[in-house]
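run_26.cif (mmCIF, C-alpha atoms) appears below.
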```cif
data_run
#
loop_
_atom_site.label_atom_id
_atom_site.label_comp_id
_atom_site.auth_asym_id
_atom_site.auth_seq_id
_atom_site.Cartn_x
_atom_site.Cartn_y
_atom_site.Cartn_z
CA MET M 1 10.92 -45.29 -42.96
CA PRO M 2 11.12 -45.46 -46.79
CA ASP M 3 7.71 -43.78 -46.74
CA ALA M 4 9.18 -40.87 -44.79
CA ILE M 5 12.15 -40.54 -47.15
CA PHE M 6 9.89 -40.44 -50.19
CA PHE M 7 7.49 -38.04 -48.49
CA TYR M 8 10.22 -35.55 -47.65
CA ALA M 9 11.82 -35.88 -51.09
CA PHE M 10 8.53 -35.19 -52.86
CA ALA M 11 7.54 -32.46 -50.41
CA LEU M 12 10.89 -30.73 -50.91
CA MET M 13 10.42 -30.98 -54.68
CA ALA M 14 6.90 -29.54 -54.48
CA LEU M 15 7.79 -26.68 -52.14
CA ALA M 16 11.07 -25.73 -53.83
CA GLY M 17 9.33 -25.73 -57.20
CA ALA M 18 6.51 -23.62 -55.78
CA VAL M 19 8.87 -21.05 -54.27
CA LEU M 20 10.85 -20.81 -57.51
CA THR M 21 7.62 -20.46 -59.51
CA VAL M 22 6.57 -17.47 -57.44
CA THR M 23 9.97 -15.76 -57.30
CA ARG M 24 11.60 -16.16 -60.74
CA SER M 25 11.40 -13.15 -63.02
CA ASN M 26 11.71 -15.15 -66.23
CA ALA M 27 8.32 -16.73 -66.99
CA VAL M 28 9.89 -19.76 -68.70
CA HIS M 29 11.90 -20.53 -65.56
CA SER M 30 8.68 -20.17 -63.59
CA ALA M 31 6.90 -22.65 -65.84
CA LEU M 32 9.73 -25.19 -65.52
CA SER M 33 9.68 -24.80 -61.73
CA LEU M 34 5.91 -25.29 -61.85
CA ILE M 35 6.50 -28.62 -63.65
CA CYS M 36 8.91 -29.63 -60.86
CA SER M 37 6.34 -28.71 -58.21
CA LEU M 38 3.53 -30.57 -60.00
CA ILE M 39 5.62 -33.74 -60.28
CA GLY M 40 6.36 -33.50 -56.56
CA VAL M 41 2.65 -33.23 -55.81
CA ALA M 42 2.03 -36.21 -58.11
CA GLY M 43 4.50 -38.22 -56.02
CA ILE M 44 2.60 -37.18 -52.89
CA PHE M 45 -0.58 -38.53 -54.52
CA LEU M 46 1.19 -41.82 -55.20
CA LEU M 47 2.29 -42.06 -51.56
CA GLN M 48 -1.34 -41.60 -50.52
CA ARG M 49 -2.45 -44.51 -52.70
CA ALA M 50 -4.24 -42.30 -55.24
CA GLU M 51 -2.78 -43.92 -58.34
CA PHE M 52 -5.45 -42.70 -60.72
CA LEU M 53 -5.03 -39.12 -59.58
CA PHE M 54 -1.26 -39.51 -59.93
CA ALA M 55 -1.68 -40.49 -63.58
CA THR M 56 -4.20 -37.70 -64.13
CA GLN M 57 -1.84 -35.18 -62.57
CA ILE M 58 1.05 -36.22 -64.81
CA LEU M 59 -1.06 -36.39 -67.98
CA LEU M 60 -3.20 -33.29 -67.50
CA TYR M 61 -0.99 -30.92 -65.53
CA VAL M 62 2.56 -31.80 -66.48
CA GLY M 63 1.65 -32.83 -70.01
CA GLY M 64 -1.19 -30.42 -70.72
CA VAL M 65 -1.46 -27.28 -68.64
CA THR M 66 2.25 -26.48 -68.45
CA VAL M 67 2.61 -26.99 -72.18
CA LEU M 68 -0.27 -24.53 -72.60
CA PHE M 69 1.57 -22.09 -70.32
CA LEU M 70 4.83 -22.45 -72.24
CA PHE M 71 2.95 -22.01 -75.50
CA VAL M 72 1.36 -18.76 -74.30
CA ILE M 73 4.69 -17.53 -72.91
CA MET M 74 6.25 -18.00 -76.34
CA LEU M 75 3.24 -16.35 -77.96
CA VAL M 76 3.25 -13.16 -75.89
CA ASN M 77 7.06 -12.70 -75.83
CA LEU M 78 7.87 -11.83 -72.22
CA ASP M 79 11.50 -10.83 -72.78
CA GLU M 80 10.89 -7.17 -71.95
CA GLU M 81 8.54 -8.05 -69.12
CA ALA M 82 11.34 -9.93 -67.34
CA LEU M 83 13.26 -6.66 -67.05
CA LEU M 84 10.38 -4.83 -65.40
CA ARG M 85 9.55 -4.63 -61.71
CA GLN M 86 8.25 -8.09 -60.82
CA PHE M 87 6.36 -7.51 -57.60
CA SER M 88 3.56 -5.03 -57.16
CA GLY M 89 3.81 -2.18 -54.68
CA HIS M 90 1.72 -3.90 -52.04
CA VAL M 91 3.94 -6.95 -51.83
CA TRP M 92 4.42 -6.26 -48.11
CA VAL M 93 0.67 -6.21 -47.53
CA ALA M 94 0.47 -9.50 -49.41
CA LEU M 95 3.34 -10.96 -47.35
CA LEU M 96 1.62 -9.82 -44.16
CA GLY M 97 -1.64 -11.43 -45.23
CA VAL M 98 0.09 -14.68 -46.11
CA LEU M 99 1.99 -14.57 -42.80
CA GLY M 100 -1.33 -14.15 -40.96
CA LEU M 101 -2.80 -17.08 -42.88
CA GLY M 102 0.28 -19.14 -42.04
CA ILE M 103 -0.05 -18.32 -38.33
CA LEU M 104 -3.74 -19.25 -38.51
CA ALA M 105 -2.85 -22.56 -40.17
CA ALA M 106 -0.12 -23.26 -37.62
CA LEU M 107 -2.51 -22.52 -34.74
CA SER M 108 -5.16 -24.81 -36.18
CA PHE M 109 -2.57 -27.53 -36.60
CA ARG M 110 -1.53 -27.12 -32.98
CA ALA M 111 -5.11 -27.18 -31.79
CA GLY M 112 -6.27 -30.08 -33.93
CA VAL M 113 -3.14 -32.17 -33.84
CA GLN M 114 -5.07 -35.23 -32.61
CA LEU M 115 -6.76 -36.49 -35.75
CA PRO M 116 -8.83 -39.67 -35.53
CA ALA M 117 -6.90 -42.75 -36.49
CA GLY M 118 -9.08 -43.33 -39.54
CA ARG M 119 -9.31 -46.48 -41.53
CA PRO M 120 -6.75 -47.80 -43.98
CA ILE M 121 -7.93 -48.18 -47.55
CA ALA M 122 -9.30 -51.67 -47.94
CA GLU M 123 -6.88 -53.70 -50.01
CA SER M 124 -9.11 -55.51 -52.45
CA ALA M 125 -7.66 -58.12 -54.75
CA THR M 126 -10.20 -57.51 -57.50
CA ALA M 127 -10.86 -53.76 -57.56
CA GLY M 128 -7.96 -51.39 -58.09
CA ASN M 129 -7.90 -47.68 -57.37
CA THR M 130 -9.18 -46.73 -60.83
CA GLN M 131 -12.06 -49.20 -60.66
CA SER M 132 -13.19 -48.11 -57.21
CA ILE M 133 -13.07 -44.46 -58.33
CA ALA M 134 -15.12 -45.31 -61.43
CA ASP M 135 -17.66 -47.24 -59.34
CA VAL M 136 -18.35 -44.23 -57.13
CA LEU M 137 -17.92 -41.60 -59.86
CA PHE M 138 -20.49 -43.13 -62.20
CA SER M 139 -23.07 -43.89 -59.52
CA ASP M 140 -23.05 -41.37 -56.67
CA TYR M 141 -21.38 -38.51 -58.53
CA LEU M 142 -22.92 -38.91 -61.97
CA VAL M 143 -24.61 -35.48 -62.06
CA PRO M 144 -21.48 -33.53 -60.96
CA PHE M 145 -19.51 -35.53 -63.51
CA GLU M 146 -21.87 -34.47 -66.30
CA LEU M 147 -21.81 -30.88 -65.05
CA ILE M 148 -18.01 -30.84 -65.11
CA SER M 149 -18.09 -31.97 -68.73
CA LEU M 150 -20.40 -29.02 -69.43
CA VAL M 151 -17.91 -26.71 -67.68
CA LEU M 152 -15.11 -28.06 -69.86
CA ILE M 153 -17.13 -27.58 -73.07
CA VAL M 154 -17.97 -23.99 -72.12
CA ALA M 155 -14.33 -23.35 -71.20
CA VAL M 156 -13.07 -24.69 -74.53
CA VAL M 157 -15.56 -22.61 -76.53
CA GLY M 158 -14.86 -19.55 -74.39
CA ALA M 159 -11.10 -19.90 -74.72
CA VAL M 160 -11.34 -20.17 -78.49
CA LEU M 161 -13.67 -17.16 -78.66
CA LEU M 162 -11.40 -15.07 -76.43
CA ALA M 163 -8.13 -15.90 -78.12
CA ARG M 164 -9.51 -15.62 -81.64
CA LYS M 165 -8.45 -12.74 -83.83
CA HIS M 166 -11.46 -10.54 -84.61
CA GLU M 167 -12.03 -9.80 -88.27
CA ASP M 168 -13.24 -6.21 -87.82
CA THR M 169 -10.10 -5.15 -85.94
CA ASN M 170 -8.07 -6.93 -88.56
CA ALA M 171 -9.71 -4.91 -91.36
CA ARG M 172 -8.60 -1.68 -89.70
CA GLY M 173 -5.03 -2.85 -89.90
CA GLU M 174 -4.68 -3.42 -86.17
CA VAL M 175 -3.21 -6.63 -84.88
CA MET K 1 12.29 -33.13 -33.33
CA ALA K 2 12.92 -36.50 -34.93
CA GLU K 3 9.74 -38.00 -33.51
CA MET K 4 7.83 -35.05 -34.98
CA LEU K 5 9.26 -35.75 -38.41
CA VAL K 6 9.56 -39.45 -38.94
CA PRO K 7 6.20 -41.17 -38.67
CA VAL K 8 4.61 -39.29 -41.57
CA THR K 9 0.98 -38.75 -40.57
CA THR K 10 -1.96 -36.96 -42.12
CA ILE K 11 -0.87 -33.77 -40.34
CA HIS K 12 2.32 -33.68 -42.41
CA TYR K 13 0.31 -33.88 -45.61
CA LEU K 14 -2.01 -31.13 -44.36
CA ILE K 15 0.95 -28.89 -43.55
CA LEU K 16 2.36 -29.51 -47.03
CA GLY K 17 -0.99 -28.64 -48.60
CA ALA K 18 -1.29 -25.47 -46.53
CA ALA K 19 2.26 -24.44 -47.44
CA LEU K 20 1.59 -24.93 -51.15
CA PHE K 21 -1.63 -22.96 -50.85
CA LEU K 22 0.12 -20.10 -49.01
CA ILE K 23 2.97 -19.90 -51.52
CA GLY K 24 0.40 -19.80 -54.30
CA THR K 25 -1.56 -17.08 -52.49
CA LEU K 26 1.60 -15.02 -52.14
CA GLY K 27 2.21 -15.34 -55.87
CA VAL K 28 -1.35 -14.34 -56.76
CA LEU K 29 -1.27 -11.33 -54.46
CA SER K 30 2.16 -9.98 -55.26
CA ARG K 31 3.24 -10.81 -58.81
CA ARG K 32 2.64 -8.35 -61.64
CA ASN K 33 3.08 -10.77 -64.52
CA LEU K 34 -0.33 -12.31 -65.22
CA VAL K 35 1.15 -15.56 -66.59
CA ILE K 36 2.84 -16.17 -63.25
CA VAL K 37 -0.35 -15.18 -61.41
CA LEU K 38 -2.15 -17.96 -63.31
CA MET K 39 0.64 -20.41 -62.43
CA SER K 40 0.26 -19.45 -58.77
CA ILE K 41 -3.46 -20.23 -58.97
CA GLU K 42 -2.51 -23.70 -60.21
CA LEU K 43 -0.25 -24.02 -57.17
CA MET K 44 -3.16 -23.13 -54.87
CA MET K 45 -5.36 -25.76 -56.52
CA ASN K 46 -2.60 -28.31 -55.97
CA GLY K 47 -2.42 -27.44 -52.28
CA VAL K 48 -6.18 -28.03 -51.99
CA ASN K 49 -5.80 -31.35 -53.80
CA VAL K 50 -3.08 -32.51 -51.39
CA ASN K 51 -5.49 -31.81 -48.52
CA LEU K 52 -8.34 -33.72 -50.18
CA ILE K 53 -6.14 -36.74 -50.93
CA ALA K 54 -4.78 -36.76 -47.38
CA PHE K 55 -8.29 -36.94 -45.92
CA SER K 56 -9.36 -39.46 -48.55
CA HIS K 57 -6.48 -41.66 -47.41
CA LEU K 58 -7.30 -41.07 -43.74
CA TRP K 59 -10.92 -42.16 -44.09
CA GLY K 60 -10.25 -44.96 -46.54
CA GLY K 61 -12.72 -43.82 -49.20
CA VAL K 62 -12.37 -42.53 -52.72
CA GLN K 63 -14.67 -39.51 -52.39
CA GLY K 64 -11.72 -37.20 -51.77
CA GLN K 65 -10.02 -38.45 -54.89
CA ILE K 66 -13.20 -37.85 -56.90
CA PHE K 67 -13.31 -34.27 -55.73
CA GLY K 68 -9.63 -34.06 -56.61
CA ILE K 69 -10.54 -35.04 -60.17
CA PHE K 70 -13.25 -32.36 -60.23
CA ILE K 71 -10.74 -29.78 -59.00
CA ILE K 72 -8.24 -30.77 -61.69
CA ALA K 73 -10.97 -30.43 -64.35
CA VAL K 74 -11.96 -26.97 -63.06
CA ALA K 75 -8.28 -25.95 -62.88
CA VAL K 76 -7.75 -26.96 -66.50
CA ALA K 77 -10.85 -25.01 -67.58
CA GLU K 78 -9.65 -22.01 -65.58
CA ALA K 79 -6.18 -22.17 -67.14
CA ALA K 80 -7.64 -22.33 -70.65
CA ILE K 81 -9.97 -19.36 -70.04
CA GLY K 82 -7.28 -17.39 -68.21
CA LEU K 83 -4.74 -17.83 -70.96
CA GLY K 84 -7.38 -16.95 -73.57
CA ILE K 85 -8.11 -13.71 -71.71
CA LEU K 86 -4.37 -13.10 -71.45
CA ILE K 87 -3.86 -13.48 -75.21
CA ALA K 88 -6.81 -11.16 -75.91
CA MET K 89 -5.38 -8.65 -73.44
CA PHE K 90 -1.90 -8.84 -74.95
CA ARG K 91 -3.40 -8.27 -78.38
CA ASN K 92 -5.28 -5.16 -77.24
CA ARG K 93 -2.89 -3.62 -74.71
CA ALA K 94 0.48 -5.24 -75.56
CA THR K 95 1.15 -5.88 -71.88
CA VAL K 96 0.61 -8.67 -69.38
CA GLN K 97 1.25 -6.60 -66.25
CA ALA K 98 -1.64 -6.89 -63.81
CA ASP K 99 -1.47 -3.33 -62.48
CA GLU K 100 -1.66 -1.75 -65.93
CA LEU K 101 -5.28 -2.87 -66.18
CA GLU K 102 -6.80 0.29 -64.76
CA LEU K 103 -9.63 1.04 -67.16
CA LEU K 104 -12.28 0.49 -64.47
CA LYS K 105 -10.36 2.33 -61.74
CA TRP K 106 -10.80 5.95 -60.75
#
```

As structure tokens, how would this structure be written, given the file I've shared?
Amino acid sequence: MPDAIFFYAFALMALAGAVLTVTRSNAVHSALSLICSLIGVAGIFLLQRAEFLFATQILLYVGGVTVLFLFVIMLVNLDEEALLRQFSGHVWVALLGVLGLGILAALSFRAGVQLPAGRPIAESATAGNTQSIADVLFSDYLVPFELISLVLIVAVVGAVLLARKHEDTNARGEV
Amino acid sequence: MAEMLVPVTTIHYLILGAALFLIGTLGVLSRRNLVIVLMSIELMMNGVNVNLIAFSHLWGGVQGQIFGIFIIAVAVAEAAIGLGILIAMFRNRATVQADELELLKW
């Protein structure tokens, strides 16, 4: 029963934050709602016994990505943008597509409602969640792990290159 | 109704993940502000992660959590690149509206 209470509290947090993120016209409000939604999802991770992912979610998403978003929002000054039309002209097409996807998801839930019982995570006294993740990550998934570090390096270099001010445009007096 | 709600099973987590993904999809498809489009993509990634963690819990392994970590890493890289593109675009066009990018349209 306490499980259910926490699940619905966190799910409400995640969904309400998500809806607000998509609907607010002020980008700062959107970013704050995104933080709310991400913390709700982090709580869901905790309920599913994924403690390491919970910590990663808080550190990386709530502490990193949203700060990056807020930083960019301040940088590009969206005050005038908030007064403009917020939704594109084909919002009804988009709504229809999402509705169709939702119906598809609901149908698949109805059809596949009998999931196998599965196995509970083995409660080991010696190995915690982080250790068991590290054991698998650095043995079976070593190559993907190295590749993801390559992706991150390329992303960092690319982001710096893209956001950098170019000297030749600067010389012509353009910003 | 109550017996559908109270024992929280994997299905509930899957529905939550699907709902997050759909809300994010709606944001990506319909918003004009590119910052909020990027935020909606983060929401979609979170929906996928909820699904992965639910199945990881169901099967009692950590493989799902490892793929969750990979998804978070890719999402962070995507956010960094996306915001870099956005800053470059704002510098050149002084706008962040998605439908004003029409250089390649005819």

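Note that CA of Tyr13 (chain K) and CA of Leu53 (chain M) are 15.8 Å apart.
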
Could you check the closest approach to Val76 (chain K) for each of K:Trp59, K:Met39, K:Gly24, K:His12 and tell me which residue wins, using only C-alpha atoms?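 Of all the options, K:Met39 lies closest to Val76 (chain K).
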
Quick check on the file I pasted: which residues fall under the PyMOL selection byres ((chain K and resi 100) around 12)? Write them as a PyMOL selection string. (chain M and resi 88) or (chain K and resi 32-34+89-90+93-99+101-105)

Please indicate the distance in Å from CA of Ala27 (chain M) to CA of Asp79 (chain M), rounded to one decimal place.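 So the answer is 8.9 Å.
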
Name the residues within 9 Å of (-9.7, -41.8, -52.6), counting all atoms listed in the file in the file's coordinates, and put them as number ranges by chain. M: 48-50, 53, 121, 129, 132-133; K: 52-57, 59-68

What is the distance between CA of Leu86 (chain K) and CA of Gly89 (chain M), in Å to one decimal?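 The value is 21.6 Å.
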
Give as a ChimeraX atom specification the set of residues within 9 Å of the point (-2.4, -15.7, -50.1), where distances use the file's coordinates and all atoms listed in the file. /M:94-95,97-99,101 /K:21-30,44

Pick out the residues sitting within 8 Å of region 69-77 of chain M, and hand them over as a PyMOL selection string; count only C-alpha atoms, and ignore anything fewer than 4 positions along from it in its own chain. (chain M and resi 27-28+31+65) or (chain K and resi 35+83+87+90)

Would you mind exporting C-alpha atoms of the selected residues as a PDB file, keeping the file's coordinate frame?
```
ATOM      1  CA  ALA M  27       8.320 -16.730 -66.990  1.00  0.00           C
ATOM      2  CA  VAL M  28       9.890 -19.760 -68.700  1.00  0.00           C
ATOM      3  CA  ALA M  31       6.900 -22.650 -65.840  1.00  0.00           C
ATOM      4  CA  VAL M  65      -1.460 -27.280 -68.640  1.00  0.00           C
TER       5      VAL M  65
ATOM      6  CA  VAL K  35       1.150 -15.560 -66.590  1.00  0.00           C
ATOM      7  CA  LEU K  83      -4.740 -17.830 -70.960  1.00  0.00           C
ATOM      8  CA  ILE K  87      -3.860 -13.480 -75.210  1.00  0.00           C
ATOM      9  CA  PHE K  90      -1.900  -8.840 -74.950  1.00  0.00           C
TER      10      PHE K  90
END
```

Across K:Ile36, K:Ala18, K:Ala80, K:Val48, the smallest distance to His29 (chain M), with only C-alpha atoms counted, is shown by K:Ile36

Residues returned when the PyMOL selection byres ((chain M and resi 82) around 9) runs on this file, as number ranges by chain: M: 25-27, 78-81, 83-86; K: 33

Generate the output file for the selected residues, C-alpha atoms, as a PDB file, keeping the file's coordinate frame.
```pdb
ATOM      1  CA  SER M  25      11.400 -13.150 -63.020  1.00  0.00           C
ATOM      2  CA  ASN M  26      11.710 -15.150 -66.230  1.00  0.00           C
ATOM      3  CA  ALA M  27       8.320 -16.730 -66.990  1.00  0.00           C
ATOM      4  CA  LEU M  78       7.870 -11.830 -72.220  1.00  0.00           C
ATOM      5  CA  ASP M  79      11.500 -10.830 -72.780  1.00  0.00           C
ATOM      6  CA  GLU M  80      10.890  -7.170 -71.950  1.00  0.00           C
ATOM      7  CA  GLU M  81       8.540  -8.050 -69.120  1.00  0.00           C
ATOM      8  CA  LEU M  83      13.260  -6.660 -67.050  1.00  0.00           C
ATOM      9  CA  LEU M  84      10.380  -4.830 -65.400  1.00  0.00           C
ATOM     10  CA  ARG M  85       9.550  -4.630 -61.710  1.00  0.00           C
ATOM     11  CA  GLN M  86       8.250  -8.090 -60.820  1.00  0.00           C
TER      12      GLN M  86
ATOM     13  CA  ASN K  33       3.080 -10.770 -64.520  1.00  0.00           C
TER      14      ASN K  33
END
```

Could you check which of M:Phe87, M:Leu142, M:Ala55, M:Gly100 is closest to chain K, using all atoms listed in the file?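 That would be M:Phe87, the residue with the smallest distance to chain K.
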
With N, CA and C atoms as the goal, would you fill in the gaps in region 149-165 of chain M and present it as a PDB file, in the coordinates of the input?
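Written output follows (out_16.pdb):
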```
ATOM      1  N   SER M 149     -18.320 -31.902 -67.288  1.00  0.00           N
ATOM      2  CA  SER M 149     -18.090 -31.970 -68.730  1.00  0.00           C
ATOM      3  C   SER M 149     -18.673 -30.737 -69.421  1.00  0.00           C
ATOM      4  N   LEU M 150     -19.817 -30.252 -68.891  1.00  0.00           N
ATOM      5  CA  LEU M 150     -20.400 -29.020 -69.430  1.00  0.00           C
ATOM      6  C   LEU M 150     -19.459 -27.841 -69.212  1.00  0.00           C
ATOM      7  N   VAL M 151     -18.871 -27.777 -67.984  1.00  0.00           N
ATOM      8  CA  VAL M 151     -17.910 -26.710 -67.680  1.00  0.00           C
ATOM      9  C   VAL M 151     -16.745 -26.748 -68.663  1.00  0.00           C
ATOM     10  N   LEU M 152     -16.254 -27.952 -68.953  1.00  0.00           N
ATOM     11  CA  LEU M 152     -15.110 -28.060 -69.860  1.00  0.00           C
ATOM     12  C   LEU M 152     -15.476 -27.614 -71.266  1.00  0.00           C
ATOM     13  N   ILE M 153     -16.694 -28.000 -71.723  1.00  0.00           N
ATOM     14  CA  ILE M 153     -17.130 -27.580 -73.070  1.00  0.00           C
ATOM     15  C   ILE M 153     -17.193 -26.053 -73.140  1.00  0.00           C
ATOM     16  N   VAL M 154     -17.841 -25.452 -72.128  1.00  0.00           N
ATOM     17  CA  VAL M 154     -17.970 -23.990 -72.120  1.00  0.00           C
ATOM     18  C   VAL M 154     -16.588 -23.348 -72.088  1.00  0.00           C
ATOM     19  N   ALA M 155     -15.675 -23.928 -71.303  1.00  0.00           N
ATOM     20  CA  ALA M 155     -14.330 -23.350 -71.200  1.00  0.00           C
ATOM     21  C   ALA M 155     -13.611 -23.425 -72.544  1.00  0.00           C
ATOM     22  N   VAL M 156     -13.756 -24.545 -73.240  1.00  0.00           N
ATOM     23  CA  VAL M 156     -13.070 -24.690 -74.530  1.00  0.00           C
ATOM     24  C   VAL M 156     -13.617 -23.655 -75.520  1.00  0.00           C
ATOM     25  N   VAL M 157     -14.971 -23.572 -75.595  1.00  0.00           N
ATOM     26  CA  VAL M 157     -15.560 -22.610 -76.530  1.00  0.00           C
ATOM     27  C   VAL M 157     -15.166 -21.188 -76.146  1.00  0.00           C
ATOM     28  N   GLY M 158     -15.208 -20.901 -74.845  1.00  0.00           N
ATOM     29  CA  GLY M 158     -14.860 -19.550 -74.390  1.00  0.00           C
ATOM     30  C   GLY M 158     -13.416 -19.210 -74.683  1.00  0.00           C
ATOM     31  N   ALA M 159     -12.508 -20.176 -74.466  1.00  0.00           N
ATOM     32  CA  ALA M 159     -11.100 -19.900 -74.720  1.00  0.00           C
ATOM     33  C   ALA M 159     -10.852 -19.621 -76.188  1.00  0.00           C
ATOM     34  N   VAL M 160     -11.506 -20.402 -77.056  1.00  0.00           N
ATOM     35  CA  VAL M 160     -11.340 -20.170 -78.490  1.00  0.00           C
ATOM     36  C   VAL M 160     -11.878 -18.806 -78.872  1.00  0.00           C
ATOM     37  N   LEU M 161     -13.065 -18.460 -78.347  1.00  0.00           N
ATOM     38  CA  LEU M 161     -13.670 -17.160 -78.660  1.00  0.00           C
ATOM     39  C   LEU M 161     -12.789 -16.012 -78.194  1.00  0.00           C
ATOM     40  N   LEU M 162     -12.199 -16.161 -76.983  1.00  0.00           N
ATOM     41  CA  LEU M 162     -11.400 -15.070 -76.430  1.00  0.00           C
ATOM     42  C   LEU M 162     -10.094 -14.893 -77.187  1.00  0.00           C
ATOM     43  N   ALA M 163      -9.454 -15.993 -77.521  1.00  0.00           N
ATOM     44  CA  ALA M 163      -8.130 -15.900 -78.120  1.00  0.00           C
ATOM     45  C   ALA M 163      -8.176 -15.660 -79.618  1.00  0.00           C
ATOM     46  N   ARG M 164      -9.381 -15.761 -80.212  1.00  0.00           N
ATOM     47  CA  ARG M 164      -9.510 -15.620 -81.640  1.00  0.00           C
ATOM     48  C   ARG M 164      -9.217 -14.187 -82.080  1.00  0.00           C
ATOM     49  N   LYS M 165      -8.669 -14.067 -83.266  1.00  0.00           N
ATOM     50  CA  LYS M 165      -8.450 -12.740 -83.830  1.00  0.00           C
ATOM     51  C   LYS M 165      -9.760 -12.256 -84.435  1.00  0.00           C
TER      52      LYS M 165
END
```
